[in-house]
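Shown next, in structure tokens, is the structure this report addresses.
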Amino acid sequence: MEVLTGRRKFLGLAVAAAILVFGSATTFSTMGIVLFAMMREFRWSEAVAGGAFTSLILTCCVAHLLPVPMLARIGARWTMVSGAIVLAVAFLLAYFTRNFLTFYVAAGILGIGFSLVANTPGIYLITGWFGARAPRMIGLYMMIGTMGGAIGPPVAQALVSSSGGWRLYWLAMMATALVLSALCAVIIKEPALVHSDAALTEAVSADNWGYRETLRAPQFIVIALAMVATQTCLITVSGVAPSHFARLGWSAGFAAQILGLQGFVGTLATGVSGWVTERFNPKTMLVFGLLSETLGMVLLALAKSTWMIYAFVPAFGIGWSVSCLAVTVLLVRYFGQKTGVAALAAIFMLAGAAAIGPAVAGTVADLTGSFSPALSGLAFVLLPIALAACVMPPARASLQRLVPRLVAE
């Protein structure tokens, strides 16, 4: 197999990160913007619109493990090419939407495509390309990926507000997906060798938890609840914020700017959190992140003044990004590298529960005339999880020592 140069590896990293940005921007970050325009044209209720997010999240979570056998059979490059083509099909179907059932199918296919281009094949490639430097490159990859939350909403709003409307948006995304699939096919190369540190692997295995033991551990339950609650808040905010702002008298353009700004803050916080994790207890970071999310959700629920909306941006953006990174580090510290990564995949499967967020919020809005009760309810769900995280026992000593070595390399 071809031995890749450093330049070729970084070029491949750039393409993998670009498709991650595109995937995150066109799914969770901007669907609410486009869906708001479609709702007005088709006269869909908030509950019907929330169902589209439910379809997206459910298929995304169910398909989360699909890349694993594909990596073994066709490799990461063709897995990502396939995912980009699936995204293009979803965008084309969304372009031809005439009723909500068609759009539900498109949203479901979109979730499958995102699963094929997102973290699993990207992290597989980076691990093989960069060996001992993989952890820091994975951090860079994830930080760049979160830019989708900053870029997506303003771009979507600009396209939706143009003469072509929401159909132009879906057509433009289809064309972009096809271009990215071609770039993946041409530029990405399979790693010639998956590097490993034998001594480090033995150190992890010697103190690793069993997979079943992990899933029953109280620490895993708390960490899983933290991630599921965080994802539910994030998806719900992305899905209902435009409608929520409109009900409070704010324009769709303003909503897109706020969502984009919040995504940008989350991007910066993700990068900074990687550095902070080396110096502070990630359990403390998780508690901080959950409390910050709570504050952000309360501010969004009220959102009756400009200062509340702008205060929501850093509170929620920092909260969800710190929480997600802390969850990843805690899984490795508690359960070891191999089982911790498997546990993370299980958590993303469980995160399918986040799919109910937009649908429930939409139903509440239809019944009460406001999204505030649903957003406030989600905020207070985070509080007992933060309390449970406070009282979690410490990680095993050998694994505590292990993580700094992983980061240092």
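Letters A, B, ... go to the chains of the structure tokens in the order shown; residues in each chain start at 1; ligands are counted from 1 in the same order.
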
query = Near A:Phe114, within 7 Å and counting only C-alpha atoms, which residues show up once chain neighbours fewer than 6 positions away are dropped, as a ChimeraX atom specification?
reply = /A:23,60,83

Within 10 Å of A:Thr146, counting only C-alpha atoms, which residues qualify if same-chain residues fewer than 6 places away don't, as a compact mmCIF listing (two decimals) with all heavy atoms, in the first residue's frame?
```txt
# COMPACT_ATOMS: atom_id res chain seq x y z
N ALA A 17 -12.22 16.89 6.99
CA ALA A 17 -12.80 17.94 7.82
C ALA A 17 -13.85 18.74 7.04
O ALA A 17 -14.89 19.13 7.60
CB ALA A 17 -11.70 18.87 8.34
N LEU A 20 -17.04 16.89 6.92
CA LEU A 20 -17.66 16.91 8.24
C LEU A 20 -18.36 18.25 8.48
O LEU A 20 -19.48 18.30 8.99
CB LEU A 20 -16.63 16.65 9.33
CG LEU A 20 -17.14 16.70 10.78
CD1 LEU A 20 -18.20 15.63 11.01
CD2 LEU A 20 -15.98 16.51 11.76
N VAL A 21 -17.69 19.34 8.10
CA VAL A 21 -18.30 20.67 8.20
C VAL A 21 -19.60 20.71 7.38
O VAL A 21 -20.65 21.19 7.86
CB VAL A 21 -17.34 21.77 7.70
CG1 VAL A 21 -18.06 23.10 7.54
CG2 VAL A 21 -16.17 21.92 8.65
N PHE A 22 -19.53 20.22 6.17
CA PHE A 22 -20.70 20.22 5.29
C PHE A 22 -21.83 19.39 5.87
O PHE A 22 -23.00 19.82 5.89
CB PHE A 22 -20.31 19.69 3.91
CG PHE A 22 -21.45 19.58 2.95
CD1 PHE A 22 -22.00 20.71 2.37
CD2 PHE A 22 -21.97 18.34 2.61
CE1 PHE A 22 -23.06 20.61 1.48
CE2 PHE A 22 -23.02 18.23 1.72
CZ PHE A 22 -23.58 19.37 1.15
N SER A 24 -22.42 18.49 9.04
CA SER A 24 -23.01 19.08 10.24
C SER A 24 -23.78 20.36 9.91
O SER A 24 -24.81 20.65 10.52
CB SER A 24 -21.92 19.38 11.28
OG SER A 24 -20.98 20.31 10.79
N ALA A 25 -23.30 21.12 8.92
CA ALA A 25 -23.97 22.37 8.55
C ALA A 25 -25.32 22.12 7.89
O ALA A 25 -26.27 22.87 8.11
CB ALA A 25 -23.08 23.18 7.61
N SER A 29 -27.55 21.83 12.01
CA SER A 29 -27.37 23.26 12.22
C SER A 29 -28.34 24.14 11.45
O SER A 29 -28.73 25.20 11.92
CB SER A 29 -25.94 23.67 11.85
OG SER A 29 -25.00 22.99 12.66
N GLY A 263 -22.95 28.76 17.11
CA GLY A 263 -22.10 27.70 16.57
C GLY A 263 -20.64 28.09 16.55
O GLY A 263 -19.76 27.26 16.81
N PHE A 264 -20.36 29.35 16.25
CA PHE A 264 -18.97 29.83 16.23
C PHE A 264 -18.38 29.78 17.64
O PHE A 264 -17.22 29.37 17.82
CB PHE A 264 -18.92 31.25 15.69
CG PHE A 264 -17.54 31.83 15.61
CD1 PHE A 264 -16.62 31.35 14.69
CD2 PHE A 264 -17.15 32.85 16.46
CE1 PHE A 264 -15.34 31.87 14.62
CE2 PHE A 264 -15.87 33.38 16.40
CZ PHE A 264 -14.96 32.88 15.48
N VAL A 265 -19.15 30.19 18.63
CA VAL A 265 -18.68 30.11 20.02
C VAL A 265 -18.40 28.66 20.40
O VAL A 265 -17.40 28.36 21.06
CB VAL A 265 -19.72 30.74 20.97
CG1 VAL A 265 -19.36 30.44 22.43
CG2 VAL A 265 -19.80 32.24 20.76
N GLY A 266 -19.30 27.75 19.99
CA GLY A 266 -19.08 26.34 20.26
C GLY A 266 -17.81 25.81 19.62
O GLY A 266 -17.09 24.99 20.21
N THR A 267 -17.51 26.30 18.42
CA THR A 267 -16.27 25.90 17.73
C THR A 267 -15.04 26.33 18.52
O THR A 267 -14.12 25.53 18.76
CB THR A 267 -16.22 26.54 16.33
OG1 THR A 267 -17.32 26.06 15.56
CG2 THR A 267 -14.92 26.20 15.62
N LEU A 268 -15.00 27.59 18.92
CA LEU A 268 -13.86 28.08 19.70
C LEU A 268 -13.75 27.34 21.02
O LEU A 268 -12.65 26.97 21.46
CB LEU A 268 -14.02 29.57 19.95
CG LEU A 268 -13.95 30.48 18.72
CD1 LEU A 268 -14.14 31.94 19.14
CD2 LEU A 268 -12.63 30.32 17.98
N ALA A 269 -14.89 27.11 21.67
CA ALA A 269 -14.87 26.43 22.96
C ALA A 269 -14.38 24.99 22.83
O ALA A 269 -13.72 24.47 23.74
CB ALA A 269 -16.26 26.46 23.59
N THR A 270 -14.68 24.33 21.72
CA THR A 270 -14.20 22.97 21.50
C THR A 270 -12.68 22.94 21.45
O THR A 270 -12.03 22.08 22.05
CB THR A 270 -14.78 22.40 20.20
OG1 THR A 270 -16.20 22.37 20.29
CG2 THR A 270 -14.27 20.98 19.95
N GLY A 271 -12.10 23.89 20.71
CA GLY A 271 -10.65 23.94 20.62
C GLY A 271 -10.00 24.25 21.96
O GLY A 271 -9.01 23.62 22.35
N SER A 321 -20.45 22.41 24.01
CA SER A 321 -19.14 21.98 23.50
C SER A 321 -18.27 21.42 24.62
O SER A 321 -17.62 20.38 24.45
CB SER A 321 -18.43 23.14 22.81
OG SER A 321 -18.26 24.23 23.70
```

key: Neighbour list for stretch 237-246 of chain A as an MDAnalysis selection string, cut-off 9 Å, only C-alpha atoms, skip fewer than 6 positions in-chain   = chainID A and resid 28:33 35:36 46 49:50 53 252:256 259 297 300:301 303 357:358 361:362 365 370:372 375

Best match for closeness to A:Phe348 among A:Arg333, A:His64, A:Lys9, A:Arg40, counting only C-alpha atoms =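 Closest residue, counting only C-alpha atoms: A:His64.
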
ask   = Quick one: of A:Met392, A:Leu101, A:Ala175, A:Ala90, who's nearest to A:Gly51, counting only C-alpha atoms?
value = A:Leu101

inquiry  = I'd like to know which of A:Phe316, A:Ala76, A:Phe100, A:Val272 is closest to A:Arg43, using only C-alpha atoms.
reply    =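 Among the listed residues, the smallest separation from A:Arg43 belongs to A:Phe100.
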
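Minimum atom-to-atom distances from A:Met227, A:Phe42, A:Ser292, A:Thr328 to A:Arg98 were compared using only C-alpha atoms, and the lowest value belongs to A:Phe42.
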
message = Could you check the closest approach to A:Trp78 for each of A:Gly122, A:Gly108, A:Gly289, A:Gly377 and tell me which residue wins, using only C-alpha atoms?
response =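 Under the stated criterion, the closest residue is A:Gly122.
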
task = One decimal, Å: what's the distance from atom CA of A:Ser181 over to atom CA of A:Arg167, could you say?
result =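 So the two atoms, atom CA of A:Ser181 and atom CA of A:Arg167, lie 21.4 Å apart.
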